[in-house]
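Student: Data file entry20.txt (compact mmCIF, C-alpha atoms and all ligand atoms) is appended below.
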```txt
# COMPACT_ATOMS: atom_id res chain seq x y z
CA MET A 29 198.38 171.08 68.03
CA THR A 30 197.51 169.94 71.51
CA GLU A 31 193.96 169.40 72.68
CA LEU A 32 193.29 170.73 76.16
CA ASP A 33 190.24 172.07 77.96
CA GLY A 34 189.04 175.33 79.43
CA ASN A 35 191.11 174.82 82.60
CA SER A 36 194.12 175.78 80.51
CA LEU A 37 192.57 179.19 79.78
CA ALA A 38 192.29 180.05 83.47
CA GLY A 39 195.47 182.10 83.73
CA ASP A 40 194.95 184.15 80.57
CA LEU A 41 191.32 184.84 81.45
CA ALA A 42 192.16 185.71 85.06
CA GLU A 43 194.61 188.31 83.77
CA ILE A 44 191.76 189.97 81.90
CA PHE A 45 188.81 189.48 84.20
CA ALA A 46 190.71 189.63 87.51
CA ARG A 47 188.90 186.54 88.77
CA ASP A 48 188.58 182.88 87.96
CA MET A 49 186.48 182.28 84.85
CA THR A 50 186.75 178.47 84.61
CA ALA A 51 183.71 178.00 86.85
CA ALA A 52 181.69 180.56 84.84
CA ARG A 53 178.95 178.98 82.71
CA PHE A 54 178.79 179.44 78.98
CA THR A 55 175.77 178.97 76.74
CA CYS A 56 176.65 177.93 73.22
CA GLY A 57 174.99 180.21 70.68
CA GLY A 58 174.84 177.35 68.20
CA CYS A 59 173.31 174.43 70.12
CA ARG A 60 172.37 176.10 73.45
CA HIS A 61 174.52 173.63 75.38
CA THR A 62 175.61 175.07 78.71
CA GLY A 63 178.53 174.11 80.89
CA ALA A 64 181.49 175.41 82.84
CA VAL A 65 184.14 177.26 80.83
CA ALA A 66 186.52 174.56 82.13
CA THR A 67 184.77 172.02 79.90
CA LEU A 68 185.33 173.84 76.61
CA ARG A 69 187.59 172.04 74.12
CA VAL A 70 190.70 174.08 73.61
CA TRP A 71 193.20 173.83 70.77
CA THR A 72 196.56 175.44 71.18
CA PRO A 73 198.65 177.01 69.74
CA ALA A 74 196.42 177.69 66.80
CA PRO A 75 197.69 180.82 66.31
CA GLY A 76 196.59 181.61 69.77
CA VAL A 77 193.97 179.57 71.49
CA VAL A 78 190.63 178.43 70.08
CA ALA A 79 187.93 177.19 72.46
CA ARG A 80 184.99 175.21 71.10
CA CYS A 81 181.67 173.95 72.42
CA PRO A 82 182.17 170.36 73.65
CA ARG A 83 178.85 169.34 72.12
CA CYS A 84 178.63 170.94 68.66
CA GLY A 85 182.17 172.19 68.07
CA ASP A 86 181.23 175.83 67.43
CA VAL A 87 184.03 178.28 68.21
CA LEU A 88 183.02 180.18 71.34
CA LEU A 89 186.21 182.01 72.18
CA ARG A 90 189.56 182.91 70.69
CA LEU A 91 192.54 184.30 72.52
CA VAL A 92 195.62 185.64 70.77
CA HIS A 93 198.69 187.22 72.37
CA THR A 94 200.32 189.98 70.40
CA GLY A 95 203.34 191.99 71.49
CA GLY A 96 201.68 194.19 74.06
CA SER A 97 198.14 192.96 74.27
CA VAL A 98 195.74 190.05 74.38
CA LEU A 99 192.99 189.84 71.78
CA LEU A 100 189.92 188.09 73.12
CA THR A 101 187.09 187.24 70.74
CA LEU A 102 183.78 186.06 72.17
CA GLY A 103 181.32 185.27 69.40
CA THR A 104 181.62 188.27 67.10
CA THR A 105 182.85 190.67 69.76
CA ARG A 106 186.56 191.36 69.94
CA LEU A 107 188.25 192.88 72.97
CA GLU A 108 191.82 194.09 72.84
CA VAL A 109 193.26 194.19 76.33
CA PRO A 110 196.69 195.71 77.03
CA ARG A 111 198.94 193.38 78.98
CA MET B 9 206.80 195.41 81.69
CA VAL B 10 206.39 196.97 85.08
CA ARG B 11 202.86 197.14 86.35
CA ALA B 12 201.51 197.98 89.74
CA ALA B 13 199.71 194.91 90.97
CA LEU B 14 196.00 195.61 90.88
CA PRO B 15 194.05 193.93 93.63
CA GLY B 16 192.73 190.61 92.39
CA ARG B 17 194.61 190.86 89.13
CA LEU B 18 196.91 188.03 88.31
CA SER B 19 200.48 189.12 87.63
CA TRP B 20 203.72 187.37 86.81
CA GLN B 21 206.22 187.19 89.63
CA ALA B 22 209.64 185.73 90.29
CA ALA B 23 209.94 182.67 92.50
CA THR B 24 213.03 180.85 93.72
CA VAL B 25 213.51 177.13 93.41
CA SER B 26 214.52 176.30 96.97
CA ALA B 27 215.06 172.57 96.39
CA VAL B 28 214.35 169.79 93.94
CA ARG B 29 213.26 166.22 94.62
CA GLU B 30 213.35 163.29 92.20
CA GLU B 31 209.99 161.50 92.24
CA THR B 32 210.62 158.89 89.55
CA PRO B 33 213.35 158.45 86.92
CA SER B 34 211.38 160.87 84.70
CA ALA B 35 209.55 163.18 87.10
CA ARG B 36 210.82 165.81 89.45
CA THR B 37 209.30 168.04 92.08
CA LEU B 38 210.35 171.68 92.29
CA ILE B 39 209.95 173.26 95.70
CA LEU B 40 209.21 176.92 95.17
CA ASP B 41 209.67 179.83 97.45
CA ILE B 42 207.13 182.43 96.23
CA PRO B 43 207.33 185.75 98.08
CA ASP B 44 203.67 186.82 98.12
CA TRP B 45 201.72 183.62 97.71
CA SER B 46 198.09 184.15 98.61
CA GLY B 47 197.46 180.44 99.23
CA HIS B 48 195.67 177.96 96.99
CA LEU B 49 192.97 175.33 96.86
CA PRO B 50 193.77 171.71 96.03
CA GLY B 51 193.40 171.26 92.27
CA GLN B 52 194.63 174.71 91.26
CA HIS B 53 197.62 175.23 89.01
CA LEU B 54 200.12 177.91 88.16
CA ASP B 55 201.50 179.13 84.88
CA LEU B 56 205.23 179.14 84.40
CA ARG B 57 207.04 181.25 81.81
CA LEU B 58 210.54 180.75 80.48
CA THR B 59 212.14 183.55 78.51
CA ALA B 60 215.31 183.13 76.47
CA GLU B 61 217.89 185.87 76.08
CA ASP B 62 216.59 186.69 72.61
CA GLY B 63 213.15 187.33 74.09
CA TYR B 64 211.54 184.08 72.91
CA SER B 65 209.26 182.82 75.62
CA ALA B 66 207.30 179.66 76.32
CA GLN B 67 204.49 179.29 78.81
CA ARG B 68 203.09 176.10 80.37
CA SER B 69 200.69 175.21 83.17
CA TYR B 70 201.67 173.04 86.15
CA SER B 71 199.35 171.78 88.83
CA ILE B 72 200.17 172.44 92.43
CA ALA B 73 201.12 169.24 94.23
CA SER B 74 201.27 170.61 97.77
CA ASP B 75 198.38 171.57 99.99
CA TRP B 76 198.32 174.89 101.77
CA PRO B 77 198.44 174.85 105.57
CA GLY B 78 198.64 178.66 105.65
CA ASP B 79 202.26 179.11 104.68
CA GLY B 80 205.24 177.19 103.41
CA PRO B 81 206.62 176.42 99.98
CA VAL B 82 204.56 175.54 96.92
CA GLU B 83 205.46 172.34 95.10
CA ILE B 84 204.93 171.33 91.48
CA THR B 85 205.84 168.00 89.87
CA ILE B 86 206.89 167.84 86.26
CA GLN B 87 206.89 164.75 84.07
CA ARG B 88 209.63 164.85 81.42
CA LEU B 89 208.49 164.47 77.80
CA ASP B 90 211.61 163.60 75.86
CA ASP B 91 210.52 165.61 72.82
CA GLY B 92 209.12 168.45 74.93
CA GLU B 93 210.23 172.03 74.86
CA VAL B 94 209.75 173.03 78.50
CA SER B 95 209.51 169.90 80.64
CA PRO B 96 213.07 168.57 80.01
CA TYR B 97 214.41 171.93 81.12
CA LEU B 98 212.42 171.79 84.36
CA THR B 99 213.30 168.16 85.09
CA ASP B 100 216.96 168.17 84.04
CA VAL B 101 218.39 171.68 84.08
CA VAL B 102 216.77 173.80 86.79
CA GLN B 103 218.59 173.68 90.13
CA ALA B 104 218.06 174.91 93.65
CA GLY B 105 218.72 178.64 93.73
CA ASP B 106 217.40 179.34 90.23
CA GLN B 107 214.65 181.86 89.69
CA ILE B 108 211.59 181.18 87.56
CA GLU B 109 208.70 183.36 86.51
CA LEU B 110 205.18 182.28 87.39
CA ARG B 111 201.66 183.43 88.08
CA GLY B 112 198.99 181.86 90.23
CA PRO B 113 197.13 180.31 91.87
CA ILE B 114 194.88 179.65 88.90
CA GLY B 115 191.56 177.87 88.37
CA GLY B 116 188.45 177.51 90.48
CA TRP B 117 186.51 174.69 88.86
CA PHE B 118 188.82 171.69 89.10
CA VAL B 119 189.19 172.07 92.87
CA TRP B 120 188.17 170.01 95.85
CA ARG B 121 186.57 171.93 98.69
CA ALA B 122 186.75 170.20 102.04
CA ALA B 123 183.29 171.52 102.95
CA GLN B 124 181.73 169.30 100.27
CA PRO B 125 180.35 166.36 102.32
CA VAL B 126 180.34 163.62 99.67
CA PRO B 127 182.70 160.76 98.78
CA VAL B 128 185.39 161.50 96.23
CA LEU B 129 186.74 159.45 93.36
CA LEU B 130 190.09 160.49 91.94
CA VAL B 131 191.25 159.05 88.63
CA ALA B 132 194.80 159.85 87.57
CA GLY B 133 196.75 158.99 84.45
CA GLY B 134 200.49 159.60 84.73
CA SER B 135 201.25 163.20 85.73
CA GLY B 136 197.50 163.69 86.30
CA ILE B 137 198.20 162.56 89.86
CA VAL B 138 199.64 166.00 90.72
CA PRO B 139 196.49 168.04 91.46
CA LEU B 140 194.82 164.97 92.96
CA MET B 141 197.75 164.58 95.36
CA SER B 142 197.12 168.11 96.59
CA MET B 143 193.54 167.01 97.36
CA ILE B 144 194.77 163.89 99.19
CA ARG B 145 197.25 165.97 101.21
CA ASP B 146 194.62 168.56 102.05
CA ARG B 147 192.22 165.85 103.20
CA GLY B 148 194.95 164.24 105.32
CA ARG B 149 195.96 167.48 107.02
CA ARG B 150 192.35 168.40 107.82
CA ARG B 151 191.54 164.82 108.86
CA ALA B 152 188.51 165.27 106.63
CA ARG B 153 185.95 162.48 106.79
CA GLN B 154 184.91 162.22 103.13
CA PRO B 155 186.10 158.83 101.90
CA PHE B 156 188.55 159.11 98.99
CA ARG B 157 189.34 156.49 96.39
CA LEU B 158 192.23 156.99 94.02
CA ILE B 159 192.66 154.98 90.83
CA TYR B 160 196.13 155.73 89.50
CA SER B 161 197.21 154.51 86.08
CA VAL B 162 200.96 154.29 85.46
CA ARG B 163 203.08 152.48 82.90
CA THR B 164 205.22 150.56 85.40
CA PRO B 165 205.63 150.55 89.19
CA GLN B 166 208.70 152.82 88.81
CA ASP B 167 206.54 155.49 87.18
CA ALA B 168 204.33 156.10 90.21
CA CYS B 169 204.92 159.50 91.78
CA TYR B 170 204.64 159.89 95.57
CA ALA B 171 204.60 156.08 95.91
CA ASP B 172 205.99 155.98 99.46
CA GLU B 173 203.76 158.76 100.67
CA LEU B 174 200.67 157.10 99.16
CA ARG B 175 201.59 153.83 100.88
CA ARG B 176 201.99 155.63 104.19
CA ARG B 177 198.73 157.52 103.80
CA VAL B 178 196.77 154.37 102.94
CA ARG B 179 198.00 153.08 106.31
CA ASP B 180 197.49 156.31 108.29
CA ASP B 181 194.66 158.31 106.66
CA PRO B 182 191.40 156.51 107.43
CA GLY B 183 189.08 156.30 104.45
CA LEU B 184 191.73 156.62 101.75
CA ASP B 185 192.02 153.76 99.24
CA VAL B 186 194.49 153.57 96.38
CA HIS B 187 194.27 151.21 93.42
CA PHE B 188 197.00 151.09 90.79
CA VAL B 189 196.52 150.22 87.15
CA TYR B 190 199.71 149.20 85.30
CA THR B 191 199.61 149.64 81.56
CA ARG B 192 202.99 148.16 80.55
CA LYS B 193 204.53 146.21 83.39
CA ALA B 194 202.91 145.13 86.64
CA PRO B 195 204.89 144.37 89.80
CA ASP B 196 205.80 140.74 90.47
CA GLY B 197 202.89 138.85 91.90
CA TRP B 198 200.32 141.40 90.71
CA PRO B 199 197.07 139.49 90.07
CA ALA B 200 196.35 140.95 86.62
CA PRO B 201 198.39 141.41 83.43
CA PRO B 202 199.13 145.00 82.40
CA LYS B 203 196.07 146.75 80.91
CA ARG B 204 194.56 150.13 80.39
CA ILE B 205 191.87 151.52 82.63
CA ASP B 206 188.51 150.00 81.65
CA VAL B 207 184.91 149.57 82.70
CA ALA B 208 185.78 146.82 85.16
CA THR B 209 188.44 148.96 86.88
CA LEU B 210 186.16 151.94 87.36
CA ASN B 211 183.24 149.74 88.31
CA SER B 212 185.07 147.75 90.97
CA HIS B 213 187.38 150.44 92.36
CA GLY B 214 185.27 153.57 91.98
CA TRP B 215 182.15 154.53 93.91
CA PRO B 216 178.73 153.39 92.74
CA PRO B 217 176.94 156.22 90.88
CA ASP B 218 174.13 156.24 93.50
CA PHE B 219 176.63 157.56 96.05
CA ALA B 220 176.79 160.67 93.85
CA PRO B 221 180.51 161.11 94.49
CA ASP B 222 182.54 164.08 93.34
CA VAL B 223 184.80 162.76 90.61
CA PHE B 224 188.06 164.30 89.46
CA VAL B 225 189.78 162.86 86.39
CA CYS B 226 193.15 164.19 85.30
CA GLY B 227 195.89 163.18 82.91
CA PRO B 228 196.75 163.11 79.22
CA THR B 229 193.82 164.11 77.01
CA ALA B 230 193.04 160.65 75.63
CA PHE B 231 193.16 159.07 79.10
CA VAL B 232 190.78 161.68 80.52
CA GLU B 233 188.37 161.20 77.64
CA THR B 234 188.30 157.42 78.02
CA ALA B 235 187.87 157.50 81.79
CA ALA B 236 185.18 160.20 81.71
CA ASP B 237 183.22 158.39 78.99
CA ILE B 238 183.27 155.15 81.00
CA LEU B 239 182.17 156.93 84.18
CA VAL B 240 179.23 158.56 82.43
CA ALA B 241 178.32 155.22 80.79
CA LEU B 242 178.36 153.62 84.26
CA GLY B 243 175.75 156.16 85.34
CA HIS B 244 177.70 159.01 86.92
CA ASP B 245 176.16 162.44 86.41
CA PRO B 246 178.35 164.22 83.85
CA LYS B 247 178.07 167.37 85.96
CA LYS B 248 179.80 165.61 88.85
CA VAL B 249 182.67 164.33 86.72
CA ARG B 250 185.25 167.11 86.61
CA THR B 251 188.07 166.69 84.18
CA GLU B 252 191.38 168.36 83.49
CA ARG B 253 193.34 167.56 80.33
CA PHE B 254 197.10 167.88 80.32
CA GLY B 255 197.48 167.48 76.55
CA GLY B 256 199.11 164.73 74.53
CA LYS B 257 197.72 161.39 73.45
C1 LIG A 301 195.97 172.97 83.68
C2 LIG A 301 197.20 172.12 83.34
C3 LIG A 301 197.96 171.57 84.37
C4 LIG A 301 199.09 170.80 84.07
N1 LIG A 301 199.81 170.24 85.11
C5 LIG A 301 200.90 169.49 84.84
C6 LIG A 301 201.65 168.89 85.91
O1 LIG A 301 201.32 169.04 87.10
N2 LIG A 301 202.76 168.15 85.59
C7 LIG A 301 203.14 167.96 84.29
O2 LIG A 301 204.17 167.30 84.08
N3 LIG A 301 202.44 168.51 83.26
C8 LIG A 301 201.34 169.28 83.51
N4 LIG A 301 200.64 169.84 82.46
C9 LIG A 301 201.18 169.71 81.10
C10 LIG A 301 202.22 170.83 80.90
O3 LIG A 301 201.58 172.09 80.88
C11 LIG A 301 203.00 170.71 79.58
O4 LIG A 301 202.10 170.58 78.52
C12 LIG A 301 203.95 169.52 79.58
O5 LIG A 301 204.92 169.70 80.61
C13 LIG A 301 204.63 169.38 78.22
O6 LIG A 301 205.32 170.56 77.92
P1 LIG A 301 206.61 170.50 76.98
O7 LIG A 301 206.93 171.91 76.62
O8 LIG A 301 207.69 169.66 77.60
O9 LIG A 301 206.12 169.70 75.71
P2 LIG A 301 205.68 170.31 74.28
O10 LIG A 301 206.91 170.79 73.58
O11 LIG A 301 204.56 171.28 74.50
O12 LIG A 301 205.09 169.01 73.60
C14 LIG A 301 205.92 167.92 73.16
C15 LIG A 301 205.07 166.78 72.63
O13 LIG A 301 204.38 166.11 73.71
C16 LIG A 301 202.98 166.12 73.53
N5 LIG A 301 202.39 166.37 74.88
C17 LIG A 301 202.11 167.57 75.45
N6 LIG A 301 201.62 167.40 76.70
C18 LIG A 301 201.60 166.06 76.91
C19 LIG A 301 201.19 165.26 78.01
N7 LIG A 301 200.69 165.78 79.13
N8 LIG A 301 201.31 163.91 77.89
C20 LIG A 301 201.80 163.36 76.77
N9 LIG A 301 202.20 164.07 75.70
C21 LIG A 301 202.09 165.40 75.76
C22 LIG A 301 202.70 167.24 72.57
O14 LIG A 301 201.50 167.02 71.84
C23 LIG A 301 203.94 167.19 71.69
O15 LIG A 301 203.83 166.18 70.72
C24 LIG A 301 199.49 170.59 82.72
C25 LIG A 301 198.71 171.15 81.70
C26 LIG A 301 197.57 171.90 81.98
C27 LIG A 301 196.78 172.48 80.86
ZN ZN A 302 177.31 174.04 70.93
```
Represent the structure of the file as C-alpha cells.

Tutor:
Amino acid sequence: MTELDGNSLAGDLAEIFARDMTAARFTCGGCRHTGAVATLRVWTPAPGVVARCPRCGDVLLRLVHTGGSVLLTLGTTRLEVPR
Amino acid sequence: MVRAALPGRLSWQAATVSAVREETPSARTLILDIPDWSGHLPGQHLDLRLTAEDGYSAQRSYSIASDWPGDGPVEITIQRLDDGEVSPYLTDVVQAGDQIELRGPIGGWFVWRAAQPVPVLLVAGGSGIVPLMSMIRDRGRRRARQPFRLIYSVRTPQDACYADELRRRVRDDPGLDVHFVYTRKAPDGWPAPPKRIDVATLNSHGWPPDFAPDVFVCGPTAFVETAADILVALGHDPKKVRTERFGGK
C-alpha cells in the first residue's frame, strides 16, 4: 500500500464532478478539522482508494472502480457514477 | 467506451510520444503531442493509463514538467523504480511514435499562479522536482519578479534532473536561487558531507517565515513529511506549505 495525498484523487474526482476538487475544503465530521481535499491522507490501492482526515484519521472518502462505474462514498452516502 | 466529451468533463485521450530525452541514468522525459490540450498551470499533473492486451490496466499520475506558452508539446519526466510496474516501461520501453492514453490537466491546489506577488520556496526530493520545474520555467518565460528559491535533494550529482538548465537559469533568470542537498555522494569539493535535508538546510536556504512565502514541497511521501514538519516547526504557516506526495518511502 502506498501513502499519497488528495492530489492523487484529482483525476478521478474531476471525472465525476467535472471540475477540480483538490482545492475544495473538507470539514471532518469527527474532529471538525478543515483543509483542502489535496491534504487528505490517501491509501491506495486498498481495494480502491481510502482518504482519511490528516488530523484524526477518520475515513472521509472512498473511491472504488468497478467494471463500468466508480463508487464514491462520502461519509455514509454512496454515489455510483457510470464511467 | 466511446463517450461524447462533455464540456469540462475530463476524458481519456490518445497522445503520441513525439520524442524522448534522457535526463539522468534513471529518469527520462517523454515529449507528448496531445491533440486537444487545453493548456495547464505549473504544478498540475496528468494521469496515464496502460492497458495490456488481456484488458489489465494500470494507471499512474505524472506531473507536467513543461510550462505552457499557449501551445507546444507537453513534457513529463519519469523516474525509474526498478521494482515498479509502470515506470520501467515508460523509461525503458516507450519510444518516439508510440501512443499512450492520458487525461489532464489535473489538479488546482498544488499550482503556482504568477499573479501571486510573494516569494516562493520550492523543496524537491528526487522526482519531486518535476512540477516545481514547470513553475521555474513559467516564471522564467514570464520574467516574473517573485524571487524563487529551490532546495533540491538528490542522492548523487548524477541524479539531478534538468541540471544544465537549472545552471543556466541561475545565471540568466534574476531572482532564482538553487541549493542542492546530496544524500549519498556529494560532488568533489562540496563543503559538506552527504546528508538528508534538515532544519539547518531549510533555515539557511529557505525564506524566513516572516516573508510569508508560498511553499511547495514535492517528492516521496517520507521526504515531503519531513520537510513539511520542519518548515512548520520553523514557523511557516501550515496553510502556506503546499505538499504533493509521490508515494514510496
Ligand atoms: C500527483 C502525482 C504526481 C506524480 N508525478 C510523478 C512524476 O512527475 N515523475 C515520477 O517519476 N513519478 C511521479 N509520481 C509517482 C508515479 O505516479 C508512480 O507512483 C511512480 O512512477 C511509480 O510507479 P510504478 O508503477 O513504477 O511503481 P509501483 O509498481 O506502483 O511501485 C513499486 C514500489 O515502489 C514504491 N514507490 C511508489 N512510488 C514511489 C516513489 N515516488 N518513490 C519511491 N518509491 C515509490 C511502492 O511503494 C512500491 O514498493 C506522481 C504521483 C502522484 C500521486
Ligand atoms: Zn478529523

Student: Write down, as a list in words, each residue of chain B that has any atom within 7 Å of an atom of chain A, counting all atoms listed in the file.

Tutor: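 Interface list for chain B against chain A: Gly16, Arg17, Leu18, Asp55, Ile114, Gly115, Gly116, Trp117, Thr229, Glu252, Arg253, Phe254, Gly255 and Gly256 of chain B.
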
Student: I'd like the contact shell of B:Arg121 - 12 Å cut-off, all atoms listed in the file, skipping same-chain residues fewer than 2 positions apart - returned as a list in words.

Tutor: His48, Leu49, Pro50, Gly51, Gln52, Asp75, Gly116, Trp117, Phe118, Val119, Ala123, Gln124, Pro125, Val126, Pro127, Val128, Ser142, Met143, Ile144, Asp146, Arg147, Arg150, Ala152, Gln154 and Asp222 of chain B

Student: What does the list of residues within 7 Å of ligand ZN 302 (chain A) look like if you count only C-alpha atoms and all ligand atoms, written as an mmCIF file with C-alpha atoms, in the coordinates of the input?

Tutor:
```
data_model
loop_
_atom_site.group_PDB
_atom_site.id
_atom_site.type_symbol
_atom_site.label_atom_id
_atom_site.label_comp_id
_atom_site.auth_asym_id
_atom_site.auth_seq_id
_atom_site.Cartn_x
_atom_site.Cartn_y
_atom_site.Cartn_z
ATOM 1 C CA CYS A 56 176.650 177.930 73.220
ATOM 2 C CA GLY A 57 174.990 180.210 70.680
ATOM 3 C CA GLY A 58 174.840 177.350 68.200
ATOM 4 C CA CYS A 59 173.310 174.430 70.120
ATOM 5 C CA ARG A 60 172.370 176.100 73.450
ATOM 6 C CA HIS A 61 174.520 173.630 75.380
ATOM 7 C CA CYS A 81 181.670 173.950 72.420
ATOM 8 C CA PRO A 82 182.170 170.360 73.650
ATOM 9 C CA ARG A 83 178.850 169.340 72.120
ATOM 10 C CA CYS A 84 178.630 170.940 68.660
ATOM 11 C CA GLY A 85 182.170 172.190 68.070
ATOM 12 C CA ASP A 86 181.230 175.830 67.430
#
```

Student: Pick out the residues no farther than 7 Å from ligand LIG 301 (chain A), counting only C-alpha atoms and all ligand atoms, and list them as a ChimeraX atom specification.

Tutor: /A:29-30,32,35-36 /B:53,68-72,84-89,91-96,135-136,138-139,227-228,252-257

Student: Could you please determine the separation between atom CA of A:Val109 and atom CA of A:Ala74 in Å, to one decimal place?

Tutor: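 Distance between the two atoms: 19.3 Å.
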
Student: Record the distance separating atom CA of B:Asp79 and atom CA of B:Trp120, expressed in Å with one decimal.

Tutor: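 Going from atom CA of B:Asp79 over to atom CA of B:Trp120, I get 19.0 Å.
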
Student: Go through B:Ala22, B:Ala171, B:Ala230, B:Val178 and flag the residue nearest B:Trp45, using all atoms listed in the file for the distances.

Tutor: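 Closest candidate: B:Ala22.
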
Student: Tell me, in Å to one decimal, how far atom CA of A:Gly76 is from atom CA of A:Leu107.

Tutor: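 One can read the atom CA of A:Gly76 to atom CA of A:Leu107 distance as 14.4 Å.
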
Student: Counting all atoms listed in the file, note down every residue that has an atom within 7 Å of the point (181.7, 182.9, 69.4) (file coordinates), as a list in words.

Tutor: Val87, Leu88, Leu89, Leu102, Gly103 and Thr104 of chain A

Student: Which one of B:Ala241, B:Asp172, B:Ala235, B:Arg192 sits closest to B:Pro217 if you count all atoms listed in the file?

Tutor: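 Of the candidates, the smallest distance to B:Pro217 is held by B:Ala241.
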
Student: As JSON, please report the centre and edge lengths, rounded to one decimal in Å, of the axis-aligned box that holds all listed atoms of stretch 122-139 of chain B with 8 Å of padding on each of the six sides.

Tutor:
```
{"center_x": 190.8, "center_y": 165.3, "center_z": 93.7, "size_x": 36.9, "size_y": 28.5, "size_z": 34.5}
```
